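This is work.cif. It holds mmCIF, C-alpha atoms.
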data_structure
#
loop_
_atom_site.label_atom_id
_atom_site.label_comp_id
_atom_site.auth_asym_id
_atom_site.auth_seq_id
_atom_site.Cartn_x
_atom_site.Cartn_y
_atom_site.Cartn_z
CA MET Y 17 178.45 132.61 123.98
CA MET Y 18 181.97 131.23 124.12
CA ASN Y 19 183.36 130.63 120.65
CA THR Y 20 185.46 127.60 121.36
CA LEU Y 21 185.11 126.19 117.87
CA ASN Y 22 187.30 128.90 116.28
CA THR Y 23 190.28 128.49 118.61
CA PRO Y 24 193.08 125.94 118.31
CA ALA Y 25 193.10 125.52 122.09
CA ILE Y 26 192.58 122.04 123.50
CA LEU Y 27 189.13 121.72 125.14
CA THR Y 28 188.16 119.53 128.00
CA VAL Y 29 185.12 117.31 127.70
CA SER Y 30 183.28 119.52 130.13
CA GLN Y 31 184.10 122.64 128.12
CA LEU Y 32 182.92 121.07 124.88
CA THR Y 33 179.74 119.71 126.45
CA ALA Y 34 178.98 123.08 128.03
CA ALA Y 35 179.45 124.78 124.67
CA ILE Y 36 177.13 122.30 122.95
CA LYS Y 37 174.55 122.71 125.73
CA ASP Y 38 174.70 126.48 125.34
CA ILE Y 39 174.24 126.30 121.58
CA LEU Y 40 171.39 123.76 121.65
CA GLU Y 41 169.40 125.24 124.47
CA THR Y 42 169.74 128.74 122.98
CA GLU Y 43 169.06 127.77 119.36
CA TYR Y 44 166.23 125.31 120.12
CA ARG Y 45 164.60 126.93 123.11
CA PHE Y 46 161.12 125.73 122.05
CA VAL Y 47 160.56 123.02 119.47
CA ARG Y 48 157.64 121.00 118.06
CA ILE Y 49 158.67 117.47 117.01
CA CYS Y 50 156.70 114.72 115.26
CA GLY Y 51 157.63 111.08 115.82
CA GLU Y 52 156.67 107.63 117.13
CA ILE Y 53 156.80 106.71 120.81
CA SER Y 54 158.94 103.65 121.62
CA ASN Y 55 160.60 102.07 124.66
CA LEU Y 56 158.19 103.83 127.03
CA LYS Y 57 159.17 103.50 130.71
CA ILE Y 58 157.43 104.79 133.84
CA PRO Y 59 159.64 104.27 136.92
CA PHE Y 60 158.59 104.63 140.54
CA SER Y 61 159.18 108.38 140.35
CA GLY Y 62 156.16 108.74 138.02
CA HIS Y 63 158.09 110.45 135.20
CA TYR Y 64 157.61 109.23 131.60
CA TYR Y 65 160.78 108.30 129.73
CA PHE Y 66 160.66 107.20 126.07
CA THR Y 67 162.33 107.48 122.68
CA LEU Y 68 160.81 109.60 119.94
CA LYS Y 69 161.83 108.23 116.54
CA ASP Y 70 161.15 108.25 112.84
CA ALA Y 71 162.58 106.23 109.95
CA GLY Y 72 166.01 107.89 110.12
CA ALA Y 73 166.75 109.00 113.69
CA GLN Y 74 165.66 109.02 117.32
CA ILE Y 75 165.86 111.31 120.32
CA ARG Y 76 165.35 110.75 124.05
CA ALA Y 77 162.32 112.42 125.61
CA VAL Y 78 161.04 112.94 129.12
CA LEU Y 79 157.63 114.02 130.43
CA PHE Y 80 157.93 114.91 134.08
CA LYS Y 81 155.22 113.86 136.50
CA GLN Y 82 154.18 117.41 137.40
CA GLN Y 83 153.64 118.16 133.70
CA LYS Y 84 151.72 114.94 132.99
CA ARG Y 85 148.56 116.30 134.55
CA PHE Y 86 148.26 118.73 131.59
CA VAL Y 87 148.41 115.85 129.05
CA GLU Y 88 145.11 114.05 128.39
CA LEU Y 89 146.58 111.21 126.32
CA ASN Y 90 147.39 107.80 127.73
CA LEU Y 91 150.84 107.42 126.17
CA GLN Y 92 151.63 104.04 124.60
CA ASP Y 93 154.36 102.56 122.43
CA GLY Y 94 153.66 102.92 118.70
CA GLN Y 95 151.66 106.15 118.95
CA GLN Y 96 152.43 108.84 116.36
CA VAL Y 97 152.53 112.09 118.32
CA VAL Y 98 153.51 115.73 118.10
CA VAL Y 99 155.36 116.90 121.22
CA PHE Y 100 156.05 120.49 122.25
CA GLY Y 101 159.01 121.24 124.52
CA ARG Y 102 162.61 122.33 124.75
CA ILE Y 103 166.03 120.73 124.13
CA SER Y 104 168.10 119.99 127.21
CA VAL Y 105 171.66 118.62 127.55
CA TYR Y 106 172.60 116.37 130.49
CA GLU Y 107 176.29 117.21 130.86
CA PRO Y 108 177.47 114.31 133.12
CA ARG Y 109 176.64 111.82 130.33
CA GLY Y 110 176.95 114.12 127.36
CA GLU Y 111 173.38 113.31 126.26
CA TYR Y 112 170.68 115.59 124.95
CA GLN Y 113 166.93 115.06 125.18
CA VAL Y 114 163.67 116.89 124.69
CA VAL Y 115 161.81 117.95 127.85
CA ILE Y 116 158.13 117.75 126.92
CA ASP Y 117 155.47 120.25 127.92
CA SER Y 118 152.53 118.89 125.87
CA VAL Y 119 151.67 115.91 123.65
CA GLU Y 120 148.99 115.39 121.02
CA LEU Y 121 148.28 112.62 118.52
CA TYR Y 122 149.36 113.20 114.97
CA GLY Y 123 147.24 112.39 111.91
CA ILE Y 124 145.97 108.82 112.28
CA GLY Y 125 146.42 109.10 115.97
CA ASN Y 126 143.58 111.63 116.17
CA LEU Y 127 141.33 109.28 114.22
CA LEU Y 128 142.22 106.40 116.52
CA ARG Y 129 141.38 108.54 119.52
CA GLU Y 130 137.99 109.45 118.05
CA PHE Y 131 137.46 105.77 117.21
CA GLU Y 132 138.17 104.65 120.79
CA GLN Y 133 136.04 107.41 122.30
CA LEU Y 134 133.02 106.50 120.15
CA LYS Y 135 133.60 102.80 120.79
CA ARG Y 136 133.54 103.33 124.58
CA LYS Y 137 130.45 105.55 124.29
CA LEU Y 138 128.45 103.01 122.28
CA ALA Y 139 129.63 100.11 124.43
CA ASP Y 140 128.36 101.92 127.53
CA LYS Y 141 124.99 102.37 125.77
CA GLY Y 142 124.79 98.62 125.12
CA TYR Y 143 125.10 98.75 121.31
CA PHE Y 144 127.64 95.90 121.30
CA ALA Y 145 125.86 93.65 123.81
CA ALA Y 146 125.63 90.02 122.73
CA GLU Y 147 122.03 89.65 123.95
CA ARG Y 148 120.77 92.24 121.42
CA LYS Y 149 122.39 90.50 118.43
CA ARG Y 150 119.74 89.25 116.00
CA PRO Y 151 120.14 85.71 114.57
CA VAL Y 152 121.24 85.44 110.95
CA PRO Y 153 118.88 83.20 108.88
CA PRO Y 154 120.79 80.21 107.46
CA TYR Y 155 118.98 80.23 104.10
CA PRO Y 156 117.98 83.81 103.21
CA GLY Y 157 115.71 84.40 100.26
CA LYS Y 158 116.56 88.07 99.70
CA ILE Y 159 119.75 89.95 100.65
CA ILE Y 160 120.05 93.75 100.58
CA VAL Y 161 123.65 94.78 99.81
CA ILE Y 162 124.60 98.37 100.70
CA THR Y 163 127.82 99.25 98.89
CA SER Y 164 129.37 101.18 96.02
CA PRO Y 165 128.06 99.74 92.75
CA THR Y 166 131.41 100.32 91.02
CA GLY Y 167 133.74 98.94 93.69
CA ALA Y 168 135.61 95.65 93.58
CA ALA Y 169 133.85 94.55 96.80
CA ILE Y 170 130.44 94.08 95.12
CA GLN Y 171 132.07 92.24 92.20
CA ASP Y 172 133.73 89.81 94.60
CA PHE Y 173 130.46 89.38 96.49
CA LEU Y 174 128.44 88.68 93.31
CA LYS Y 175 131.11 86.33 91.99
CA ILE Y 176 130.78 84.12 95.09
CA VAL Y 177 126.98 84.21 94.79
CA GLY Y 178 127.23 83.16 91.13
CA ASN Y 179 129.68 80.36 91.87
CA ARG Y 180 127.39 78.96 94.51
CA LYS Y 181 124.44 78.80 92.07
CA SER Y 182 122.05 79.81 94.79
CA PRO Y 183 118.53 81.05 93.98
CA VAL Y 184 118.92 83.86 96.53
CA HIS Y 185 117.82 87.29 95.31
CA ILE Y 186 120.40 90.10 95.64
CA GLN Y 187 119.26 93.74 95.70
CA ILE Y 188 121.92 96.47 95.74
CA LEU Y 189 121.36 99.86 97.35
CA PRO Y 190 124.17 102.04 95.86
CA VAL Y 191 125.92 104.46 98.23
CA LYS Y 192 129.22 106.29 98.61
CA VAL Y 193 131.51 104.26 100.89
CA GLN Y 194 134.08 106.99 101.60
CA GLY Y 195 134.41 110.73 101.56
CA LYS Y 196 132.09 113.51 102.60
CA GLY Y 197 128.45 112.48 103.00
CA ALA Y 198 129.20 108.75 102.77
CA ALA Y 199 128.11 108.00 106.34
CA ALA Y 200 124.75 109.74 105.82
CA GLU Y 201 124.12 107.78 102.61
CA ILE Y 202 124.94 104.48 104.33
CA ALA Y 203 122.63 105.27 107.28
CA GLY Y 204 119.83 106.31 104.88
CA ALA Y 205 120.20 103.08 102.89
CA ILE Y 206 119.88 101.03 106.09
CA GLU Y 207 116.66 102.88 106.90
CA ARG Y 208 115.26 102.30 103.36
CA ALA Y 209 116.07 98.61 103.53
CA GLN Y 210 113.63 98.16 106.40
CA GLY Y 211 110.70 98.75 104.01
CA ILE Y 212 111.80 96.42 101.21
CA ALA Y 213 109.36 93.51 100.93
CA GLY Y 214 110.79 90.04 101.49
CA ALA Y 215 114.18 91.29 102.71
CA ASP Y 216 115.92 88.92 105.13
CA ILE Y 217 119.40 90.41 105.69
CA ILE Y 218 121.29 93.68 105.19
CA VAL Y 219 124.98 93.46 104.16
CA LEU Y 220 127.36 96.43 104.49
CA CYS Y 221 130.07 95.75 101.94
CA ARG Y 222 133.35 97.55 101.17
CA GLY Y 223 136.92 96.69 100.09
CA GLY Y 224 140.06 97.37 102.12
CA GLY Y 225 141.76 100.71 102.68
CA SER Y 226 143.33 102.98 105.27
CA ILE Y 227 141.52 104.09 108.39
CA GLU Y 228 140.66 107.33 106.61
CA ASP Y 229 139.14 105.36 103.71
CA LEU Y 230 137.01 103.25 106.08
CA TRP Y 231 136.05 106.17 108.31
CA ALA Y 232 132.46 106.40 107.00
CA PHE Y 233 131.75 103.12 108.80
CA ASN Y 234 133.07 104.61 112.04
CA GLU Y 235 130.51 107.41 112.18
CA GLU Y 236 127.92 107.44 114.96
CA ILE Y 237 125.07 107.98 112.48
CA VAL Y 238 125.82 104.58 110.91
CA ALA Y 239 125.99 102.91 114.32
CA GLU Y 240 122.59 104.39 115.24
CA ALA Y 241 121.04 103.11 112.00
CA ILE Y 242 122.38 99.59 112.60
CA HIS Y 243 121.10 99.67 116.16
CA ARG Y 244 117.58 100.66 115.02
CA SER Y 245 117.46 98.09 112.20
CA VAL Y 246 114.79 95.40 112.42
CA LEU Y 247 116.60 93.24 109.88
CA PRO Y 248 119.85 91.48 110.85
CA VAL Y 249 122.92 93.42 109.70
CA VAL Y 250 126.10 91.65 108.49
CA THR Y 251 129.33 93.51 107.72
CA GLY Y 252 132.05 92.60 105.23
CA ILE Y 253 134.29 95.68 105.40
CA GLY Y 254 137.96 95.92 104.51
CA HIS Y 255 140.43 93.16 105.25
CA GLU Y 256 140.50 90.66 108.10
CA VAL Y 257 142.56 92.97 110.36
CA ASP Y 258 140.28 95.97 109.77
CA PHE Y 259 137.66 96.67 112.46
CA THR Y 260 135.09 99.46 112.32
CA ILE Y 261 132.37 100.68 114.64
CA ALA Y 262 129.84 99.14 112.23
CA ASP Y 263 131.48 95.73 112.79
CA PHE Y 264 130.93 95.99 116.55
CA CYS Y 265 127.29 97.10 116.14
CA ALA Y 266 126.43 94.51 113.48
CA ASP Y 267 124.76 91.22 114.30
CA PHE Y 268 127.58 89.33 112.57
CA ARG Y 269 130.97 90.42 111.22
CA CYS Y 270 132.70 88.81 108.27
CA PRO Y 271 136.40 89.58 107.67
CA THR Y 272 135.93 90.51 103.98
CA PRO Y 273 133.15 91.00 101.39
CA THR Y 274 134.01 87.58 100.02
CA GLY Y 275 133.67 86.12 103.52
CA ALA Y 276 130.23 87.73 103.85
CA ALA Y 277 129.05 86.06 100.63
CA GLU Y 278 130.44 82.70 101.73
CA LYS Y 279 128.73 83.04 105.12
CA LEU Y 280 125.30 84.11 103.88
CA VAL Y 281 124.85 82.33 100.55
CA PRO Y 282 124.74 78.53 100.75
CA ASP Y 283 126.53 76.51 98.07
CA ALA Y 284 123.70 74.96 96.02
CA ASP Y 285 125.84 72.08 94.71
CA MET Y 286 127.07 71.29 98.19
CA LEU Y 287 123.50 71.44 99.51
CA ARG Y 288 122.34 69.08 96.77
CA ARG Y 289 125.14 66.66 97.63
CA HIS Y 290 124.24 66.96 101.27
CA VAL Y 291 120.55 66.33 100.52
CA ARG Y 292 121.44 63.28 98.40
CA SER Y 293 123.65 62.03 101.21
CA LEU Y 294 120.82 62.53 103.68
CA GLN Y 295 118.38 60.76 101.35
CA ALA Y 296 120.73 57.78 101.00
CA SER Y 297 121.28 57.70 104.75
CA LEU Y 298 117.52 57.96 105.37
CA GLN Y 299 116.75 55.21 102.85
CA LEU Y 300 119.34 52.94 104.48
CA ARG Y 301 117.93 53.60 107.92
CA VAL Y 302 114.36 52.96 106.70
CA GLU Y 303 115.41 49.67 105.08
CA ARG Y 304 117.21 48.60 108.25
CA LYS Y 305 114.16 49.55 110.31
CA ILE Y 306 111.82 47.60 108.01
CA HIS Y 307 114.11 44.56 108.15
CA PHE Y 308 114.24 44.78 111.94
CA LEU Y 309 110.44 45.04 112.17
CA GLU Y 310 110.00 42.07 109.82
CA GLN Y 311 112.27 39.97 112.04
CA GLN Y 312 110.29 41.04 115.08
CA LEU Y 313 107.02 40.16 113.32
CA LEU Y 314 108.26 36.64 112.48
CA HIS Y 315 109.40 36.17 116.04
CA HIS Y 316 106.06 37.34 117.39
CA LYS Y 317 104.16 35.04 115.04
CA LYS Y 318 106.18 32.09 116.28
CA MET Y 319 105.63 33.11 119.86
CA LEU Y 320 101.90 33.52 119.14
CA GLY Y 321 101.61 29.88 117.94
CA ASP Y 322 103.03 28.64 121.24
CA MET Y 323 100.79 30.99 123.18
CA ARG Y 324 97.65 28.85 122.54
CA ASN Y 325 98.85 26.14 124.86
CA VAL Y 326 99.92 28.78 127.32
CA PHE Y 327 96.45 30.32 127.22
CA ASN Y 328 94.77 26.91 127.77
CA SER Y 329 97.00 26.26 130.75
CA LEU Y 330 96.30 29.70 132.10
CA GLU Y 331 92.53 29.21 131.66
CA PHE Y 332 92.64 25.93 133.63
CA ARG Y 333 94.63 27.58 136.40
CA LEU Y 334 92.21 30.50 136.35
CA ASN Y 335 89.16 28.21 136.79
CA LEU Y 336 90.88 26.28 139.56
CA SER Y 337 91.78 29.50 141.28
CA LYS Y 338 88.18 30.66 140.93
CA VAL Y 339 86.89 27.51 142.72
CA HIS Y 340 89.44 27.90 145.49
CA LEU Y 341 88.52 31.53 145.80
CA LEU Y 342 84.78 30.80 146.07
CA GLN Y 343 85.44 28.13 148.73
CA ALA Y 344 87.66 30.46 150.66
CA VAL Y 345 85.08 33.23 150.43
CA TYR Y 346 82.26 30.89 151.60
CA ALA Y 347 84.34 29.58 154.52
CA CYS Y 348 85.30 33.10 155.48
CA LEU Y 349 81.67 34.30 155.31
CA GLN Y 350 80.51 31.33 157.41
CA ALA Y 351 83.15 32.01 160.04
CA LYS Y 352 82.22 35.66 160.07
CA GLU Y 353 78.51 34.81 160.44
CA GLN Y 354 79.20 32.51 163.42
CA ARG Y 355 81.32 35.15 165.05
CA LEU Y 356 78.56 37.70 164.40
CA GLN Y 357 75.98 35.50 166.16
CA LEU Y 358 78.33 35.00 169.09
CA LEU Y 359 78.95 38.70 169.36
CA THR Y 360 75.22 39.36 169.08
CA ARG Y 361 74.48 37.08 172.03
CA SER Y 362 77.28 38.68 174.01
CA LEU Y 363 75.95 42.06 173.12
CA GLN Y 364 72.42 41.19 174.21
CA LYS Y 365 73.80 40.28 177.61
CA GLU Y 366 75.29 43.71 177.81
CA ILE Y 367 72.02 45.50 176.91
CA PRO Y 368 71.45 48.20 179.60
CA SER Y 369 67.77 47.24 180.19
CA ASN Y 370 68.73 43.58 180.88
CA ARG Y 371 71.52 44.63 183.16
CA ILE Y 372 69.19 47.03 185.00
CA GLU Y 373 66.57 44.29 185.48
CA LEU Y 374 69.22 41.91 186.78
CA GLN Y 375 70.52 44.54 189.16
CA GLU Y 376 66.95 45.25 190.38
CA GLN Y 377 66.47 41.57 191.19
CA ARG Y 378 69.74 41.53 193.05
CA VAL Y 379 68.78 44.69 194.97
CA HIS Y 380 65.43 43.11 196.01
CA LEU Y 381 67.23 40.02 197.21
CA LEU Y 382 69.75 42.07 199.16
CA VAL Y 383 66.94 44.18 200.72
CA SER Y 384 65.11 41.03 201.81
CA GLN Y 385 68.30 39.57 203.24
CA LEU Y 386 69.01 42.85 205.03
CA LYS Y 387 65.55 42.94 206.60
CA ASN Y 388 65.87 39.36 207.84
CA HIS Y 389 69.30 40.05 209.20
CA MET Y 390 68.12 43.22 210.96
CA GLN Y 391 65.14 41.34 212.44
CA ARG Y 392 67.34 38.57 213.79
CA THR Y 393 69.85 41.13 215.10
CA LEU Y 394 67.09 43.08 216.91
CA GLU Y 395 65.71 39.93 218.46
CA ARG Y 396 69.17 38.94 219.71
CA LYS Y 397 69.79 42.43 221.05
CA GLN Y 398 66.39 42.53 222.77
CA ALA Y 399 67.03 39.16 224.48
CA ALA Y 400 70.49 40.29 225.53
CA LEU Y 401 69.04 43.59 226.80
CA ALA Y 402 66.35 41.80 228.83
CA GLU Y 403 69.00 39.54 230.31
CA GLN Y 404 71.23 42.49 231.16
CA ALA Y 405 68.25 44.42 232.58
CA THR Y 406 67.46 41.49 234.83
CA LEU Y 407 71.03 41.32 236.02
CA LEU Y 408 71.18 45.06 236.45
CA HIS Y 409 67.92 45.12 238.38
CA GLY Y 410 69.36 42.55 240.78
CA VAL Y 411 72.17 44.93 241.75
CA SER Y 412 70.20 48.17 241.36
CA PRO Y 413 69.93 50.45 244.44
CA LEU Y 414 66.25 50.82 243.65
CA ALA Y 415 65.76 47.11 244.20
CA THR Y 416 67.52 47.43 247.50
CA LEU Y 417 65.31 50.36 248.45
CA ALA Y 418 62.30 48.24 247.55
CA ARG Y 419 63.33 45.77 250.28
CA GLY Y 420 63.09 48.53 252.92
CA TYR Y 421 66.56 50.03 252.72
CA ALA Y 422 67.32 53.78 252.35
CA ILE Y 423 70.28 55.82 251.05
CA VAL Y 424 71.53 58.72 253.14
CA ARG Y 425 73.19 61.58 251.24
CA LYS Y 426 74.56 65.03 251.93
CA ARG Y 427 75.70 67.90 249.82
CA GLN Y 428 79.42 68.62 249.68
CA GLY Y 429 81.78 70.93 247.89
CA GLU Y 430 81.31 74.20 246.08
CA ASP Y 431 79.13 72.58 243.45
CA ALA Y 432 76.92 71.02 246.24
CA THR Y 433 76.95 67.58 244.75
CA TRP Y 434 75.36 64.67 246.67
CA ARG Y 435 77.61 62.31 248.62
CA VAL Y 436 76.50 59.02 250.13
CA VAL Y 437 76.85 58.82 253.94
CA ALA Y 438 77.89 55.23 254.63
CA ARG Y 439 79.13 55.62 258.25
CA ALA Y 440 77.76 57.49 261.22
CA ARG Y 441 80.92 59.42 261.78
CA ASP Y 442 80.55 60.93 258.25
CA ALA Y 443 77.62 63.03 259.58
CA ARG Y 444 77.79 65.67 262.31
CA VAL Y 445 75.12 66.84 264.67
CA GLY Y 446 73.10 69.61 263.12
CA GLU Y 447 74.12 68.69 259.56
CA GLU Y 448 71.33 68.41 256.98
CA LEU Y 449 70.97 65.02 255.31
CA ASN Y 450 68.80 63.65 252.53
CA VAL Y 451 67.28 60.18 252.88
CA LEU Y 452 66.39 58.51 249.56
CA LEU Y 453 63.54 55.95 249.89
CA GLN Y 454 61.79 53.70 247.36
CA ASP Y 455 58.90 56.05 246.83
CA GLY Y 456 60.50 59.40 247.71
CA GLN Y 457 63.09 61.20 249.88
CA LEU Y 458 63.27 62.91 253.24
CA ASP Y 459 65.32 65.95 254.37
CA CYS Y 460 66.48 65.48 257.95
CA VAL Y 461 68.71 67.17 260.54
CA VAL Y 462 71.14 65.15 262.67
CA THR Y 463 70.24 65.62 266.33
CA LYS Y 464 72.35 62.87 267.75
CA SER Y 465 75.22 60.68 266.49
CA GLU Y 466 76.27 57.33 267.87
CA CYS Y 467 79.25 55.57 266.40
CA GLY Y 468 79.83 51.87 266.86
#
File written out as structure tokens:
Amino acid sequence: MMNTLNTPAILTVSQLTAAIKDILETEYRFVRICGEISNLKIPFSGHYYFTLKDAGAQIRAVLFKQQKRFVELNLQDGQQVVVFGRISVYEPRGEYQVVIDSVELYGIGNLLREFEQLKRKLADKGYFAAERKRPVPPYPGKIIVITSPTGAAIQDFLKIVGNRKSPVHIQILPVKVQGKGAAAEIAGAIERAQGIAGADIIVLCRGGGSIEDLWAFNEEIVAEAIHRSVLPVVTGIGHEVDFTIADFCADFRCPTPTGAAEKLVPDADMLRRHVRSLQASLQLRVERKIHFLEQQLLHHKKMLGDMRNVFNSLEFRLNLSKVHLLQAVYACLQAKEQRLQLLTRSLQKEIPSNRIELQEQRVHLLVSQLKNHMQRTLERKQAALAEQATLLHGVSPLATLARGYAIVRKRQGEDATWRVVARARDARVGEELNVLLQDGQLDCVVTKSECG
């Protein structure tokens, strides 16, 4: 190590800073420092930069990102911590700082960590859920107070109860409220309170103190007892800023023991004044209601006197309406009866048997007319046929044959049909002919032909 402090030579800033760096980093290679975190900064690089301070001094500190993975704490401003690391001097700015290797909470910090861990655990189990909170009765008859019988908290509580002149019964279950075994006594008292006849509410009561003093109310055994309690549990622990695990588990939290008494014990004088006020208000409302009903009754009586004439008028109109109604009903029934008779006659005409008989008569008439028509038609046709037969007979070949004439025919063609021979030249010598006479026919052979 260069001993520059014992030489009168003039040193440069760099030389002096290097000498200081050498001394510090050699003398304080590894250090353990206790202090409070402040001015915490986490830039984009991921390193943690902060100031570690106490009442009289401060020192810069850095926790590099690669080292942070070995630190379980979530660093925050205001935490009291113990850091382990080494002193380092940054020569360009002539600054020294502690390079941190590990961090742990110091003293109260450890208690706060345990507090937060238990709080998260119980919250995840649903111990703080609003839906499981039991309602606090507004006018309890018997209150079980679990507290130290010699503490100021119970005196404050009982003083409020006395001032309020309430008939509520207070039963104290004495327990230790701090120190070893206090949490077990508190949990046991909560269990015993479940079997006390007539009990309405359990109150956990204690004066203020440090977190260590209130730690009995942060034990899991107390939280479990509150959770299992059938009776509503109200807490009045410490001061207004003090919160314990018991406060979160309880059905209702009061900021102080005095606040618990004011919340649970009604003020008898105030209640009496309130009852008297309600009585006066009720009496006034009843009197106003009676007066209103009396006015209505007078009005109705007056209206009832005028109603006699109204009823007489209504009765006359009712009788007149009855007469009109009977006349209308009679006229309607008469019209319906006439229409029924008309429909009956029309229906009788449409009876199938009548229609069948009518159709039978019509059929007989049509048959008779058809026969007469057919007879006349046959007679006309017969006369016309006789006339035509006479005319036809006059031009018939048979009639001609009957007068001595004959018809000469010969066969012709492949089908050998008969053909009339009208001229002599139509027949050749030796050709066979057929002569049709009136009473028969002759087959002849032409032996000679003479044409004119």
| message | Going by the chain IDs and residue numbers used in this file, which residues fall under the PyMOL selection byres ((chain Y and resi 215) around 10)? Write them as a PyMOL selection string. | response | chain Y and resi 156-160+185-187+209-214+216-218+247-248
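Residue neighbourhood of Cys467 of chain Y, excluding near-sequence residues (fewer than 4 positions): Arg439, Ala440 and Arg441 of chain Y, at 9 Å, using all atoms listed in the file.
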3 Å per side around segment 109-118 of chain Y: axis-aligned box centre and edge lengths, as JSON:
{"center_x": 164.7, "center_y": 116.0, "center_z": 127.5, "size_x": 30.4, "size_y": 14.4, "size_z": 11.6}
Within 12 Å of segment 257-260 of chain Y, which residues of segment 116-208 of chain Y show up? Give each one with its shortest atom-to-atom distance in Å (one decimal) and the two atoms involved, counting all atoms listed in the file, rows by chain then rising residue number, as a Markdown table.
| residue | atom | partner | partner_atom | distance |
| --- | --- | --- | --- | --- |
| Y:Leu127 | CA | Y:Thr260 | CA | 11.8 |
| Y:Leu128 | CA | Y:Thr260 | CA | 10.8 |
| Y:Glu130 | CA | Y:Thr260 | CA | 11.9 |
| Y:Phe131 | CA | Y:Thr260 | CA | 8.3 |
| Y:Glu132 | CA | Y:Thr260 | CA | 10.4 |
| Y:Leu134 | CA | Y:Thr260 | CA | 10.7 |
| Y:Lys135 | CA | Y:Thr260 | CA | 9.2 |
| message | I'd like to see the residues matched by the PyMOL selection byres ((chain Y and resi 104-113) around 7) on this file, and ideally I'd get them as a list in words. | response | Thr33, Lys37, Glu41, Ile75, Arg76, Ala77, Arg102, Ile103, Val114 and Val115 of chain Y
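Selection check: the PyMOL selection byres ((chain Y and resi 118) around 10) on the shown file gives Arg48, Leu79, Gln83, Lys84, Arg85, Phe86, Val87, Glu88, Leu89, Val98, Val99, Phe100, Gly101, Val115, Ile116, Asp117, Val119 and Glu120 of chain Y.
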| query | So, counting only C-alpha atoms, which residue among Y:Pro273, Y:Pro190, Y:Gly446, Y:Pro153 is closest to Asp172 of chain Y? | reply |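 Residue with the minimum atom-to-atom distance to Asp172 of chain Y: Y:Pro273.
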| field | Separation of atom CA of Lys352 of chain Y from atom CA of Arg333 of chain Y, in Å and rounded to one decimal | value | 27.9 Å
| request: Please indicate the distance in Å from atom CA of Val177 of chain Y to atom CA of Gly275 of chain Y, rounded to one decimal place. | output: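 Here the two named atoms are 11.2 Å from each other.
Between atom CA of Ala146 of chain Y and atom CA of Val191 of chain Y there is a distance of 28.4 Å.
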| field | Residues near Gly223 of chain Y, cut-off 8 Å, all atoms listed in the file, skip fewer than 4 positions along chain, as a ChimeraX atom specification | value | /Y:167-169,253-255,272-273
Selection export as a JSON list (two decimals), in the coordinates of the input, atoms kept: C-alpha atoms:
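Just written: again01.json:
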[["chain", "number", "residue", "atom", "x", "y", "z"],
["Y", 167, "GLY", "CA", 133.74, 98.94, 93.69],
["Y", 168, "ALA", "CA", 135.61, 95.65, 93.58],
["Y", 169, "ALA", "CA", 133.85, 94.55, 96.80],
["Y", 253, "ILE", "CA", 134.29, 95.68, 105.40],
["Y", 254, "GLY", "CA", 137.96, 95.92, 104.51],
["Y", 255, "HIS", "CA", 140.43, 93.16, 105.25],
["Y", 272, "THR", "CA", 135.93, 90.51, 103.98],
["Y", 273, "PRO", "CA", 133.15, 91.00, 101.39]]
| said: I'd like the contact shell of Leu138 of chain Y - 12 Å cut-off, all atoms listed in the file, skipping same-chain residues fewer than 2 positions apart - returned as a list in words. | reply: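 Neighbouring residues, sequence-local ones excluded: Phe131, Glu132, Gln133, Leu134, Lys135, Arg136, Asp140, Lys141, Gly142, Tyr143, Phe144, Ala145, Asn234, Glu235, Glu236, Ile237, Val238, Ala239, Glu240, Ile242, His243, Ile261, Ala262, Phe264 and Cys265 of chain Y.
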Store the residues of this selection in a file with C-alpha atoms, as a short mmCIF file (atom, residue, chain, number, x, y, z; two decimals), in the frame of the given file.
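Result file out_16.cif:
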data_model
loop_
_atom_site.label_atom_id
_atom_site.label_comp_id
_atom_site.auth_asym_id
_atom_site.auth_seq_id
_atom_site.Cartn_x
_atom_site.Cartn_y
_atom_site.Cartn_z
CA PHE Y 131 137.46 105.77 117.21
CA GLU Y 132 138.17 104.65 120.79
CA GLN Y 133 136.04 107.41 122.30
CA LEU Y 134 133.02 106.50 120.15
CA LYS Y 135 133.60 102.80 120.79
CA ARG Y 136 133.54 103.33 124.58
CA ASP Y 140 128.36 101.92 127.53
CA LYS Y 141 124.99 102.37 125.77
CA GLY Y 142 124.79 98.62 125.12
CA TYR Y 143 125.10 98.75 121.31
CA PHE Y 144 127.64 95.90 121.30
CA ALA Y 145 125.86 93.65 123.81
CA ASN Y 234 133.07 104.61 112.04
CA GLU Y 235 130.51 107.41 112.18
CA GLU Y 236 127.92 107.44 114.96
CA ILE Y 237 125.07 107.98 112.48
CA VAL Y 238 125.82 104.58 110.91
CA ALA Y 239 125.99 102.91 114.32
CA GLU Y 240 122.59 104.39 115.24
CA ILE Y 242 122.38 99.59 112.60
CA HIS Y 243 121.10 99.67 116.16
CA ILE Y 261 132.37 100.68 114.64
CA ALA Y 262 129.84 99.14 112.23
CA PHE Y 264 130.93 95.99 116.55
CA CYS Y 265 127.29 97.10 116.14
#
| query | Can you tell me, as a list of chain:residue names, what residues are no more than 12 Å from Glu201 of chain Y when counting all atoms listed in the file, ignoring any on the same chain fewer than 5 positions away? | reply |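 The residues that qualify are Y:Ile162, Y:Thr163, Y:Ser164, Y:Leu189, Y:Pro190, Y:Val191, Y:Lys192, Y:Val193, Y:Gln194, Y:Gly195, Y:Lys196, Y:Ile206, Y:Glu207, Y:Arg208, Y:Leu220, Y:Ala232, Y:Phe233, Y:Glu235, Y:Ile237, Y:Val238, Y:Ala241.
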